[in-house]
Amino acid sequence: MKPAAASLGWALFAVLGAVCLAVIALHRGESINALWLVAAALCVFFIGYRFYGRFIGDRALRLDPTRATPAQRRNDGLDYVPTDKYVLFGHHFAAIAGAGPLVGPVLAAQMGYLPGTLWILAGAILAGAVQDFVILFMSTRRDARSLGDMIRSEIGPAAGWVAMVGTLAIMLILLAVLALIVVKALAVSPWGTFTVAATLPIALFMGLYLRFLRPGRVLEVSAIGIVLLLLSVWLGGVVAADPEWSRAFTFSGVQLAWMLIAYGFVASVLPVWLLLAPRDYLSTFLKVGTVSLLAVAILLVRPELKLPALTRFIDGSGPVFAGSLFPFLFITIACGSVSGFHALVSSGTTPKMLDSEANARFIGYGGMLTESFVAIMALVAASVLEPGVYFSMNSPAALIGNTVESAAQAISGWGFSLTPEMLTQTARDIGEGSILSRAGGAPTLAVGMAQILRGLMPGAGMMAFWYHYAILFEALFILTTVDAGTRIGRFMIQDLLGAAYAPFRRTESWAANLAATALCVGGWGYFLYQGVVDPLGGVNTLWPLFGISNQMLAGLALIFASVVLIKMKRERYLWVTALPMTWLLVCTLSAGWQKMFSDDVKLGFLAHARKFGEALAQGQVLAPAKSIADMQRIVRNDQVDAALTLLFMAVVVLTLLFGARAAWKARRAAQPTALEAPYVAAPVR
Amino acid sequence: MSPRLSASLQRLAGWLRAFARKLGQTARLAVGVPDYHGYVAHRRAHHPDEPVMTYEEFFRERLDSRYRRGSSRCC
């Protein structure tokens with residue numbers, strides 16, 4: 001394209017994006033079409049990619065296509081393989097995409113769709129995509145080493161240890177909150193429970209098939225597995241319709257929590273080829289497939305957003321999570337805007353396959369924008385619900401009661417029109433007994449998706465099918481994360497404890513393995529159980545903790561990136577990483593501070609502990625506790641949560657101090673002091 | 001069929017084949033299995049005297065290495 005024509009095209013694009021955003025921002029009518037949101041997001045992402053992404057690559061980082069990448073220097077055909085950029089993009093996206101960007105926006109919808117949308121767009125362009133891109137670049141320049149490794153060598157060993165402890169704590173909270181989402185989605189839902197349980201024999205079958213029948217035919221066995229999964233969704237409906245069978249698959253939250261804990265333990269010590277790997281194949285393909293299906297459905301169905309742009313809950317009084325828009329919106333939507341976890345992937349397998357530095361922008365920056373687009377779609381799916389239905393699904397029973405009448409009354413009182421009939425009708429449509437208080441995002445997203453997909457494929461029973469399909473899709477990859485994450489957590493524990501007592505580090509020792517696995521499962525199991533029995537629904541407590549921890553990890557990655565920019569003597573562009581870093585530190589530290597010290601018992605862990613502790617001292621039992629033992633447990637949980645929050649804040653502050661010291665030293669050095677692998681010319685292509 | 005039409009059909013078929021191959025590669029890599037032909041070509045070119053794993057061995061080796069230290073994935 002000629003330069004003039006290209007400029008004109010981009011200018012038109014900018015105008016279109018601005019118009020879409022203006023329509024969204026200024027619209028205060030009944031409802032607005034989801035396409036405005038999707039179009040605005042696409043324009044913003046393309047412009048951000050073309051201009052800001054390129055600016056970072058050309059000016060701040062100075063990508064050098066003549067420099068050989070680790071894949072070229074160390075090509076072994078296995079780990080280090082120069083890979084076509086589109087193929088690698090697929091790998092990278094599959095590795096960073098998970099449940100986070102689907103859940104956060106759904107929870108944040110309690111404030112309306114506008115705050116969430118703006119944070120996803122701005123966060124992705126200025127923080128999330130920047131982090132993924134910069135870390136990918138820096139790891140590529142350092143032999144594809146991991147973030148923890150790079151922090152140790154560029155900032156110092158103490159900072160490395162702090163980062164490691166922080167990462168382990170995040171892992172435990174992440175696993176607990178994800179497992180909690182599954183429990184919330186499957187409790188008292190025989191259809192869902194049957195379908196998710198069926199994935200176990202399906203995965204085992206696939207594992208055996210791949211090992212003994214047709215070794216290595218991974219696409220073939222995945223196709224078979226997906227057909228079996230769809231069959232199990234259908235069969236689940238039959239099971240739910242049968243009184244006897246449905247009783248056999250009906251479990252309470254506590255029962256499911258124990259099953260998940262047992263599952264996590266067993267699955268993470270089984271050989272990987274038997275259960276973990278086939279489950280991983282299924283969830284990867286289902287994830288990418290479902291996200292694409294949702295995108296197509298939104299474009300074709302063009303649903304109306306029923307949720308208002310802003311609700312009265314921006315003041316912090318919302319039922320889904322406590323706390324006002326600042327800072328809690330910015331930690332509730334973590335993965336869709338900026339996610340510390342991506343820094344682990346960007347410094348893991350992806351840099352080992354990058355075939356040219358020039359492609360780091362497409363993979364790193366572009367991959368994150370795609371992930372953010374998934375978050376926008378999740379927000380759309382939550383916003384197509386009637387607001388009353390949304391709040392009945394996401395508010396704890398302590399606020400809306402246990403019957404459709406009490407829920408309709410409570411939510412109408414908040415100013416959202418809702419009748420008991422709407423609730424029973426929605427439950428009937430999706431083939432469930434009740435939709436009340438199904439917090440955690442997954443069920444809400446599933447109803448929204450089912451509603452959109454019904455527009456694409458109408459028919460009796462379709463909505464129930466799609467609802468359970470969506471639940472299956474989320475539960476499946478959450479369970480994959482649970483056993484993969486338990487393994488990672490186990491290795492981290494073995495590393496940490498191995499420093500104190502060397503035999504712990506031996507990964508071939510069964511005793512060390514089992515002990516570390518038990519510690520890891522016990523860690524996340526504790527928080528899971530606490531969340532399940534929490535009368536406020538658990539998500540209320542655990543999701544903010546998860547958001548704080550994930551944003552904190554992103555903060556660490558950006559501190560590291562800022563230090564390296566200074567060491568490279570690129571201070572002129574320090575703001576590229578320092579700006580999002582500052583914002584994340586302000587958000588996580590102020591959110592952490594409020595979670596610790598707020599006097600509001602709904603918000604502050606310590607205030608809540610004090611209230612219950614004082615009552616306990618006088619022998620009183622406060623609702624929702626039913627016994628003195630309940631009271632004691634509530635106080636202890638509050639204290640543990642407060643301690644964890646303090647740990648996260650300490651990790652951030654310590655890393656910042658270590659980073660500042662390293663930056664100060666680098667400032668005074670006359671030469672660049674960044675420890676990059678020496679320059680080797682790339683082979684001519 | 002005119003020769004021009006047949007030539008363009010052939011070109012189209014070639015594109016489709018290349019696209020399908022890329023798609024298969026992407027799908028396999030997304031679950032941790034890199035391109036086997038690439039591996040064989042690499043071994044032949046750079047280590048001609050050393051043995052080359054069969055696809056089945058290659059697949060097992062990749063599976064073990066993907067989960068050896070746990071694969072980080074996002075939330």
# chains A, B, ... in the order shown; residues from 1 in each chain; ligands from 1
>>> residues_around(residues="A:Tyr281", least_positions_apart="4", cutoff="12 Å", atoms="only C-alpha atoms", output="PyMOL selection string")
(chain A and resi 94-95+199+202-203+206-207+210+217-226+273+275-277+285-288+476-477+480) or (chain B and resi 27-33+63)
>>> residues_around(residues="B:Arg68", least_positions_apart="5", cutoff="10 Å", atoms="only C-alpha atoms", output="PyMOL selection string")
(chain A and resi 272+487-488+491+507) or (chain B and resi 62-63)
>>> select_by_dssp(residues="stretch 179-243 of chain A", states="alpha helix (DSSP H)", output="count of residues only")
52
>>> interface_residues(of="chain A", to="chain B", cutoff="9 Å", atoms="only C-alpha atoms", output="VMD selection string")
chain A and resid 75 to 79 81 83 to 84 86 to 101 174 to 175 178 211 215 to 219 272 to 273 276 to 277 280 to 281 284 to 285 335 339 to 342 344 to 345 348 to 349 478 481 484 to 489 491 550
>>> atom_distance(atom1="atom CA of A:Leu647", atom2="atom CA of A:Ala662")
22.4 Å
>>> residues_around(residues="stretch 36-51 of chain A", least_positions_apart="3", cutoff="6 Å", atoms="only C-alpha atoms", output="PyMOL selection string")
chain A and resi 17+20-21+54-55+125
>>> write_last_selection(atoms="N, CA and C atoms", output="compact mmCIF listing (two decimals), in the first residue's frame")
# COMPACT_ATOMS: atom_id res chain seq x y z
N GLY A 17 -13.09 4.17 15.38
CA GLY A 17 -12.94 3.78 16.79
C GLY A 17 -13.47 4.86 17.70
N CYS A 20 -17.27 4.86 17.70
CA CYS A 20 -17.82 3.75 18.48
C CYS A 20 -17.71 4.05 19.97
N LEU A 21 -16.53 4.52 20.39
CA LEU A 21 -16.35 4.81 21.82
C LEU A 21 -17.30 5.91 22.26
N ARG A 54 4.51 -0.63 17.75
CA ARG A 54 5.66 -0.41 16.88
C ARG A 54 6.64 0.58 17.52
N PHE A 55 6.08 1.61 18.17
CA PHE A 55 6.93 2.58 18.85
C PHE A 55 7.82 1.88 19.88
N ILE A 125 -3.61 -2.03 26.20
CA ILE A 125 -2.71 -1.27 25.32
C ILE A 125 -1.48 -0.77 26.08
>>> atom_distance(atom1="atom CA of A:Ile24", atom2="atom CA of A:Gln551")
27.3 Å
